[in-house]
Each structure stands twice: as C-alpha cells, then as structure tokens.
>>> print(open('run-v4.cif').read())   # mmCIF, N, CA, C and O atoms
data_final
loop_
_atom_site.label_atom_id
_atom_site.label_comp_id
_atom_site.auth_asym_id
_atom_site.auth_seq_id
_atom_site.Cartn_x
_atom_site.Cartn_y
_atom_site.Cartn_z
N MET L 25 59.14 -158.60 7.09
CA MET L 25 58.70 -158.53 5.72
C MET L 25 57.91 -157.24 5.53
O MET L 25 57.04 -156.88 6.30
N ALA L 26 58.24 -156.51 4.46
CA ALA L 26 57.59 -155.22 4.19
C ALA L 26 56.18 -155.44 3.66
O ALA L 26 55.89 -156.44 3.01
N ASN L 27 55.34 -154.48 3.97
CA ASN L 27 53.97 -154.56 3.46
C ASN L 27 53.95 -154.22 1.98
O ASN L 27 54.69 -153.35 1.51
N ALA L 28 53.10 -154.88 1.25
CA ALA L 28 52.96 -154.61 -0.18
C ALA L 28 52.27 -153.26 -0.35
O ALA L 28 51.39 -152.90 0.44
N PRO L 29 52.67 -152.48 -1.36
CA PRO L 29 52.02 -151.18 -1.58
C PRO L 29 50.57 -151.36 -2.03
O PRO L 29 50.21 -152.36 -2.65
N ASP L 30 49.76 -150.38 -1.67
CA ASP L 30 48.37 -150.39 -2.13
C ASP L 30 48.34 -150.13 -3.63
O ASP L 30 49.07 -149.28 -4.14
N ILE L 31 47.51 -150.86 -4.33
CA ILE L 31 47.37 -150.69 -5.77
C ILE L 31 46.03 -150.04 -6.04
O ILE L 31 44.99 -150.54 -5.59
N HIS L 32 46.08 -148.91 -6.73
CA HIS L 32 44.84 -148.20 -7.06
C HIS L 32 44.38 -148.62 -8.44
O HIS L 32 45.11 -148.51 -9.41
N VAL L 33 43.18 -149.14 -8.53
CA VAL L 33 42.58 -149.50 -9.80
C VAL L 33 41.39 -148.56 -10.02
O VAL L 33 40.42 -148.62 -9.27
N PRO L 34 41.50 -147.66 -11.01
CA PRO L 34 40.39 -146.73 -11.22
C PRO L 34 39.14 -147.46 -11.69
O PRO L 34 39.22 -148.49 -12.35
N PRO L 35 37.98 -146.94 -11.33
CA PRO L 35 36.74 -147.59 -11.76
C PRO L 35 36.55 -147.45 -13.26
O PRO L 35 37.08 -146.54 -13.89
N ALA L 36 35.81 -148.36 -13.85
CA ALA L 36 35.52 -148.30 -15.28
C ALA L 36 34.63 -147.10 -15.57
O ALA L 36 33.83 -146.68 -14.73
N ARG L 37 34.82 -146.54 -16.75
CA ARG L 37 33.98 -145.41 -17.17
C ARG L 37 32.56 -145.90 -17.45
O ARG L 37 32.39 -146.99 -17.98
N PRO L 38 31.56 -145.09 -17.12
CA PRO L 38 30.21 -145.46 -17.52
C PRO L 38 30.12 -145.60 -19.02
O PRO L 38 30.84 -144.94 -19.77
N SER L 39 29.26 -146.46 -19.50
CA SER L 39 29.21 -146.78 -20.93
C SER L 39 28.85 -145.59 -21.80
O SER L 39 29.21 -145.55 -22.97
N GLY L 40 28.17 -144.58 -21.29
CA GLY L 40 27.77 -143.44 -22.10
C GLY L 40 28.85 -142.38 -22.25
O GLY L 40 28.70 -141.45 -23.02
N ILE L 41 29.95 -142.50 -21.52
CA ILE L 41 31.00 -141.49 -21.55
C ILE L 41 32.14 -141.95 -22.43
O ILE L 41 32.65 -143.06 -22.29
N GLN L 42 32.54 -141.09 -23.36
CA GLN L 42 33.66 -141.42 -24.25
C GLN L 42 34.91 -140.72 -23.78
O GLN L 42 34.85 -139.77 -23.00
N ALA L 43 36.04 -141.17 -24.28
CA ALA L 43 37.32 -140.55 -23.95
C ALA L 43 37.30 -139.09 -24.42
O ALA L 43 36.70 -138.76 -25.43
N LEU L 44 37.97 -138.23 -23.67
CA LEU L 44 38.00 -136.82 -24.02
C LEU L 44 38.66 -136.60 -25.37
O LEU L 44 39.72 -137.13 -25.65
N GLY L 45 38.02 -135.84 -26.20
CA GLY L 45 38.59 -135.50 -27.49
C GLY L 45 38.53 -136.59 -28.53
O GLY L 45 39.04 -136.42 -29.63
N ALA L 46 37.93 -137.71 -28.24
CA ALA L 46 37.92 -138.82 -29.19
C ALA L 46 37.15 -138.49 -30.45
O ALA L 46 37.56 -138.85 -31.56
N LEU L 47 36.06 -137.78 -30.31
CA LEU L 47 35.27 -137.45 -31.50
C LEU L 47 36.02 -136.48 -32.41
O LEU L 47 35.99 -136.63 -33.63
N GLU L 48 36.71 -135.51 -31.82
CA GLU L 48 37.51 -134.58 -32.63
C GLU L 48 38.68 -135.31 -33.27
O GLU L 48 39.01 -135.07 -34.43
N LEU L 49 39.32 -136.19 -32.53
CA LEU L 49 40.48 -136.91 -33.03
C LEU L 49 40.13 -137.80 -34.21
O LEU L 49 40.86 -137.86 -35.20
N ALA L 50 39.00 -138.47 -34.14
CA ALA L 50 38.63 -139.40 -35.20
C ALA L 50 38.48 -138.70 -36.55
O ALA L 50 38.78 -139.28 -37.58
N HIS L 51 38.03 -137.48 -36.54
CA HIS L 51 37.84 -136.75 -37.79
C HIS L 51 39.14 -136.20 -38.35
O HIS L 51 39.22 -135.86 -39.52
N ARG L 52 40.17 -136.09 -37.52
CA ARG L 52 41.46 -135.54 -37.96
C ARG L 52 42.46 -136.62 -38.37
O ARG L 52 43.48 -136.31 -38.95
N LEU L 53 42.18 -137.86 -38.06
CA LEU L 53 43.13 -138.93 -38.40
C LEU L 53 43.13 -139.17 -39.90
O LEU L 53 42.08 -139.17 -40.54
N PRO L 54 44.33 -139.39 -40.46
CA PRO L 54 44.38 -139.73 -41.89
C PRO L 54 43.81 -141.13 -42.10
O PRO L 54 43.87 -141.98 -41.23
N LYS L 55 43.24 -141.35 -43.23
CA LYS L 55 42.67 -142.66 -43.58
C LYS L 55 43.63 -143.38 -44.50
O LYS L 55 44.31 -142.74 -45.28
N PRO L 56 43.74 -144.64 -44.49
CA PRO L 56 43.10 -145.63 -43.62
C PRO L 56 43.77 -145.69 -42.25
O PRO L 56 44.91 -145.31 -42.08
N ILE L 57 43.04 -146.21 -41.27
CA ILE L 57 43.54 -146.39 -39.91
C ILE L 57 43.90 -147.85 -39.72
O ILE L 57 43.08 -148.73 -39.94
N PHE L 58 45.15 -148.10 -39.33
CA PHE L 58 45.62 -149.46 -39.06
C PHE L 58 45.91 -149.59 -37.57
O PHE L 58 46.41 -148.66 -36.96
N PHE L 59 45.60 -150.73 -36.99
CA PHE L 59 46.03 -151.06 -35.64
C PHE L 59 47.16 -152.08 -35.79
O PHE L 59 46.97 -153.13 -36.41
N ALA L 60 48.34 -151.78 -35.25
CA ALA L 60 49.47 -152.70 -35.27
C ALA L 60 49.59 -153.33 -33.89
O ALA L 60 49.76 -152.62 -32.89
N LEU L 61 49.48 -154.65 -33.82
CA LEU L 61 49.46 -155.37 -32.56
C LEU L 61 50.73 -156.20 -32.42
O LEU L 61 51.02 -157.03 -33.28
N ALA L 62 51.46 -155.98 -31.35
CA ALA L 62 52.76 -156.62 -31.15
C ALA L 62 52.61 -158.08 -30.74
O ALA L 62 51.58 -158.49 -30.20
N GLY L 63 53.65 -158.84 -30.98
CA GLY L 63 53.69 -160.23 -30.57
C GLY L 63 54.29 -160.38 -29.19
O GLY L 63 54.82 -159.44 -28.61
N GLY L 64 54.22 -161.56 -28.64
CA GLY L 64 54.73 -161.83 -27.31
C GLY L 64 53.59 -161.88 -26.31
O GLY L 64 52.69 -161.06 -26.36
N GLY L 65 53.63 -162.87 -25.43
CA GLY L 65 52.53 -163.08 -24.49
C GLY L 65 52.17 -161.87 -23.66
O GLY L 65 51.01 -161.50 -23.53
N SER L 66 53.18 -161.19 -23.08
CA SER L 66 52.88 -160.04 -22.23
C SER L 66 52.34 -158.87 -23.05
O SER L 66 51.47 -158.14 -22.59
N HIS L 67 52.82 -158.67 -24.26
CA HIS L 67 52.29 -157.59 -25.11
C HIS L 67 50.84 -157.87 -25.46
O HIS L 67 50.02 -156.95 -25.51
N GLY L 68 50.53 -159.11 -25.73
CA GLY L 68 49.15 -159.46 -26.07
C GLY L 68 48.20 -159.14 -24.93
O GLY L 68 47.08 -158.69 -25.16
N ALA L 69 48.64 -159.34 -23.70
CA ALA L 69 47.80 -159.05 -22.54
C ALA L 69 47.65 -157.55 -22.32
O ALA L 69 46.58 -157.06 -22.00
N VAL L 70 48.72 -156.80 -22.52
CA VAL L 70 48.70 -155.35 -22.29
C VAL L 70 47.84 -154.63 -23.32
O VAL L 70 47.21 -153.63 -23.03
N GLN L 71 47.80 -155.15 -24.53
CA GLN L 71 47.06 -154.50 -25.61
C GLN L 71 45.57 -154.41 -25.34
O GLN L 71 44.90 -153.52 -25.85
N TRP L 72 45.02 -155.31 -24.55
CA TRP L 72 43.58 -155.33 -24.33
C TRP L 72 43.09 -154.04 -23.70
O TRP L 72 42.01 -153.55 -24.03
N GLY L 73 43.86 -153.45 -22.79
CA GLY L 73 43.45 -152.19 -22.17
C GLY L 73 43.37 -151.06 -23.18
O GLY L 73 42.43 -150.28 -23.18
N SER L 74 44.37 -150.98 -24.05
CA SER L 74 44.37 -149.95 -25.10
C SER L 74 43.21 -150.16 -26.07
O SER L 74 42.55 -149.20 -26.47
N LEU L 75 42.99 -151.40 -26.43
CA LEU L 75 41.91 -151.69 -27.38
C LEU L 75 40.54 -151.44 -26.76
O LEU L 75 39.62 -151.01 -27.44
N GLN L 76 40.43 -151.67 -25.45
CA GLN L 76 39.17 -151.39 -24.77
C GLN L 76 38.90 -149.88 -24.79
O GLN L 76 37.78 -149.45 -25.03
N ALA L 77 39.93 -149.07 -24.56
CA ALA L 77 39.77 -147.61 -24.60
C ALA L 77 39.40 -147.15 -26.00
O ALA L 77 38.55 -146.27 -26.17
N LEU L 78 40.00 -147.73 -27.02
CA LEU L 78 39.65 -147.37 -28.40
C LEU L 78 38.22 -147.79 -28.74
O LEU L 78 37.54 -147.12 -29.49
N ALA L 79 37.78 -148.91 -28.17
CA ALA L 79 36.42 -149.38 -28.44
C ALA L 79 35.37 -148.44 -27.87
O ALA L 79 34.24 -148.40 -28.35
N GLU L 80 35.74 -147.64 -26.86
CA GLU L 80 34.82 -146.69 -26.27
C GLU L 80 34.68 -145.43 -27.12
O GLU L 80 33.88 -144.57 -26.82
N THR L 81 35.47 -145.31 -28.16
CA THR L 81 35.40 -144.15 -29.07
C THR L 81 34.77 -144.60 -30.38
O THR L 81 34.39 -145.76 -30.54
N ASP L 82 34.67 -143.69 -31.32
CA ASP L 82 34.17 -144.07 -32.64
C ASP L 82 35.30 -144.32 -33.62
O ASP L 82 35.09 -144.35 -34.82
N ILE L 83 36.52 -144.52 -33.10
CA ILE L 83 37.68 -144.82 -33.95
C ILE L 83 37.67 -146.32 -34.25
O ILE L 83 37.77 -147.14 -33.33
N THR L 84 37.52 -146.67 -35.50
CA THR L 84 37.53 -148.08 -35.89
C THR L 84 38.63 -148.29 -36.92
O THR L 84 38.87 -147.43 -37.77
N PRO L 85 39.31 -149.43 -36.85
CA PRO L 85 40.39 -149.68 -37.78
C PRO L 85 39.88 -150.11 -39.15
O PRO L 85 38.84 -150.77 -39.27
N ASP L 86 40.62 -149.72 -40.18
CA ASP L 86 40.34 -150.23 -41.52
C ASP L 86 41.06 -151.56 -41.73
O ASP L 86 40.66 -152.36 -42.57
N ALA L 87 42.13 -151.78 -40.96
CA ALA L 87 42.89 -153.03 -41.05
C ALA L 87 43.59 -153.29 -39.73
O ALA L 87 43.90 -152.36 -38.98
N LEU L 88 43.82 -154.56 -39.44
CA LEU L 88 44.56 -154.99 -38.25
C LEU L 88 45.79 -155.75 -38.70
O LEU L 88 45.70 -156.61 -39.58
N VAL L 89 46.94 -155.43 -38.09
CA VAL L 89 48.19 -156.11 -38.41
C VAL L 89 48.78 -156.61 -37.10
O VAL L 89 48.89 -155.83 -36.15
N GLY L 90 49.15 -157.88 -37.04
CA GLY L 90 49.73 -158.39 -35.81
C GLY L 90 50.55 -159.63 -36.03
O GLY L 90 50.44 -160.29 -37.05
N SER L 91 51.41 -159.90 -35.06
CA SER L 91 52.19 -161.14 -35.10
C SER L 91 52.06 -161.84 -33.76
O SER L 91 51.90 -161.19 -32.72
N SER L 92 52.10 -163.15 -33.79
CA SER L 92 52.04 -163.98 -32.60
C SER L 92 50.79 -163.65 -31.77
O SER L 92 49.67 -163.77 -32.27
N ALA L 93 50.97 -163.19 -30.52
CA ALA L 93 49.82 -162.87 -29.67
C ALA L 93 49.01 -161.73 -30.26
O ALA L 93 47.78 -161.68 -30.10
N GLY L 94 49.66 -160.80 -30.96
CA GLY L 94 48.95 -159.70 -31.61
C GLY L 94 48.03 -160.19 -32.72
O GLY L 94 46.96 -159.63 -32.94
N ALA L 95 48.45 -161.24 -33.42
CA ALA L 95 47.60 -161.81 -34.47
C ALA L 95 46.36 -162.46 -33.86
O ALA L 95 45.26 -162.35 -34.41
N LEU L 96 46.53 -163.12 -32.72
CA LEU L 96 45.38 -163.73 -32.04
C LEU L 96 44.42 -162.65 -31.54
O LEU L 96 43.20 -162.75 -31.71
N THR L 97 44.98 -161.59 -30.96
CA THR L 97 44.17 -160.48 -30.49
C THR L 97 43.43 -159.83 -31.66
O THR L 97 42.24 -159.54 -31.57
N GLY L 98 44.13 -159.62 -32.75
CA GLY L 98 43.53 -159.01 -33.93
C GLY L 98 42.41 -159.86 -34.51
O GLY L 98 41.40 -159.33 -34.97
N SER L 99 42.56 -161.17 -34.47
CA SER L 99 41.51 -162.03 -35.00
C SER L 99 40.24 -161.96 -34.15
O SER L 99 39.13 -162.00 -34.67
N VAL L 100 40.41 -161.80 -32.84
CA VAL L 100 39.25 -161.66 -31.95
C VAL L 100 38.55 -160.34 -32.22
O VAL L 100 37.31 -160.27 -32.30
N ILE L 101 39.32 -159.28 -32.41
CA ILE L 101 38.74 -157.95 -32.70
C ILE L 101 38.07 -157.96 -34.07
O ILE L 101 36.99 -157.41 -34.24
N ALA L 102 38.71 -158.57 -35.04
CA ALA L 102 38.16 -158.60 -36.41
C ALA L 102 36.85 -159.37 -36.45
O ALA L 102 35.95 -159.04 -37.22
N GLU L 103 36.73 -160.39 -35.61
CA GLU L 103 35.51 -161.17 -35.57
C GLU L 103 34.33 -160.32 -35.08
O GLU L 103 33.21 -160.49 -35.53
N ASP L 104 34.63 -159.37 -34.20
CA ASP L 104 33.58 -158.49 -33.67
C ASP L 104 33.23 -157.46 -34.71
O ASP L 104 32.18 -156.98 -34.86
#
>>> encode(input="run-v4.cif", output="structure tokens")
Amino acid sequence: MANAPDIHVPPARPSGIQALGALELAHRLPKPIFFALAGGGSHGAVQWGSLQALAETDITPDALVGSSAGALTGSVIAED
C-alpha cells in the first residue's frame, strides 16, 4: 500500500494582517457589491474559505444571493 502524500496546510494569517491589495481593491470595485453563493453541499463547504478571506478585508457585501447551501451560508453571514 502506497503512503499517503503529505498535505501542507498554511498557518492562519495574524489578525492584524490583511490580504495584499485589499484596501486598494475595495475602493475600485463598482457599487453595489453582491456575493453570489452557490448551492450544493460541497459548494457550501468550500465557500467558507473564500468568505473568511473576504472577512479579513474591508470588502463588505451590499447584498447576498444564494441557493440551497449558499442560502444557508448567506443567512449566517447576514446575521453577522
């Protein structure tokens, strides 16, 4: 039986560090900003990483749109 490959998981960014270019990007985005969240169980799980990265910036959505698992994810984000 072959050995499983090593999986590298990068450490989390310190809370004071934002994504590179996020501040410049936020000012250049057209308004309003919508987050579209896909449906399906696996998509709902994958979206959390992207949303966590966005939460580390000052980019905030004006509206959330989602179906199925995306709607559940959007409701949790909207509550915050």
>>> atom_distance(input="run-v4.cif", atom1="CA of Leu53 (chain L)", atom2="atom C of Ala69 (chain L)")
25.0 Å
>>> atom_distance(input="run-v4.cif", atom1="atom N of Pro85 (chain L)", atom2="atom O of Ile57 (chain L)")
4.9 Å
>>> residues_around(input="run-v4.cif", residues="Leu75 (chain L)", least_positions_apart="4", cutoff="10 Å", atoms="only C-alpha atoms", output="VMD selection string")
chain L and resid 59 61 70 to 71 79 to 80 97 to 98 101
>>> resolve_selection(input="run-v4.cif", expression="the PyMOL selection byres ((chain L and resi 62) around 6)", output="JSON, numbers by chain")
{"L": [60, 61, 63, 64, 67, 68, 89, 90, 91, 92, 93, 94, 95]}
>>> atom_distance(input="run-v4.cif", atom1="CA of Ser99 (chain L)", atom2="CA of Ala87 (chain L)")
10.9 Å
>>> axis_aligned_box(input="run-v4.cif", around="region 94-99 of chain L", padding_each_side="5 Å", output="lines of an AutoDock Vina configuration file")
center_x = 44.4
center_y = -161.4
center_z = -32.7
size_x = 20.5
size_y = 14.7
size_z = 14.5
>>> closest_residue(input="run-v4.cif", among="L:Leu96, L:Asp30, L:Asp104, L:Thr84", to="Phe58 (chain L)", atoms="only C-alpha atoms")
L:Thr84
>>> select_by_dssp(input="run-v4.cif", residues="region 52-92 of chain L", states="helix (DSSP H, G or I)", output="short mmCIF file (atom, residue, chain, number, x, y, z; two decimals) with N, CA, C and O atoms, in the coordinates of the input")
data_model
loop_
_atom_site.label_atom_id
_atom_site.label_comp_id
_atom_site.auth_asym_id
_atom_site.auth_seq_id
_atom_site.Cartn_x
_atom_site.Cartn_y
_atom_site.Cartn_z
N ARG L 52 40.17 -136.09 -37.52
CA ARG L 52 41.46 -135.54 -37.96
C ARG L 52 42.46 -136.62 -38.37
O ARG L 52 43.48 -136.31 -38.95
N GLY L 65 53.63 -162.87 -25.43
CA GLY L 65 52.53 -163.08 -24.49
C GLY L 65 52.17 -161.87 -23.66
O GLY L 65 51.01 -161.50 -23.53
N SER L 66 53.18 -161.19 -23.08
CA SER L 66 52.88 -160.04 -22.23
C SER L 66 52.34 -158.87 -23.05
O SER L 66 51.47 -158.14 -22.59
N HIS L 67 52.82 -158.67 -24.26
CA HIS L 67 52.29 -157.59 -25.11
C HIS L 67 50.84 -157.87 -25.46
O HIS L 67 50.02 -156.95 -25.51
N GLY L 68 50.53 -159.11 -25.73
CA GLY L 68 49.15 -159.46 -26.07
C GLY L 68 48.20 -159.14 -24.93
O GLY L 68 47.08 -158.69 -25.16
N ALA L 69 48.64 -159.34 -23.70
CA ALA L 69 47.80 -159.05 -22.54
C ALA L 69 47.65 -157.55 -22.32
O ALA L 69 46.58 -157.06 -22.00
N VAL L 70 48.72 -156.80 -22.52
CA VAL L 70 48.70 -155.35 -22.29
C VAL L 70 47.84 -154.63 -23.32
O VAL L 70 47.21 -153.63 -23.03
N GLN L 71 47.80 -155.15 -24.53
CA GLN L 71 47.06 -154.50 -25.61
C GLN L 71 45.57 -154.41 -25.34
O GLN L 71 44.90 -153.52 -25.85
N TRP L 72 45.02 -155.31 -24.55
CA TRP L 72 43.58 -155.33 -24.33
C TRP L 72 43.09 -154.04 -23.70
O TRP L 72 42.01 -153.55 -24.03
N GLY L 73 43.86 -153.45 -22.79
CA GLY L 73 43.45 -152.19 -22.17
C GLY L 73 43.37 -151.06 -23.18
O GLY L 73 42.43 -150.28 -23.18
N SER L 74 44.37 -150.98 -24.05
CA SER L 74 44.37 -149.95 -25.10
C SER L 74 43.21 -150.16 -26.07
O SER L 74 42.55 -149.20 -26.47
N LEU L 75 42.99 -151.40 -26.43
CA LEU L 75 41.91 -151.69 -27.38
C LEU L 75 40.54 -151.44 -26.76
O LEU L 75 39.62 -151.01 -27.44
N GLN L 76 40.43 -151.67 -25.45
CA GLN L 76 39.17 -151.39 -24.77
C GLN L 76 38.90 -149.88 -24.79
O GLN L 76 37.78 -149.45 -25.03
N ALA L 77 39.93 -149.07 -24.56
CA ALA L 77 39.77 -147.61 -24.60
C ALA L 77 39.40 -147.15 -26.00
O ALA L 77 38.55 -146.27 -26.17
N LEU L 78 40.00 -147.73 -27.02
CA LEU L 78 39.65 -147.37 -28.40
C LEU L 78 38.22 -147.79 -28.74
O LEU L 78 37.54 -147.12 -29.49
N ALA L 79 37.78 -148.91 -28.17
CA ALA L 79 36.42 -149.38 -28.44
C ALA L 79 35.37 -148.44 -27.87
O ALA L 79 34.24 -148.40 -28.35
#
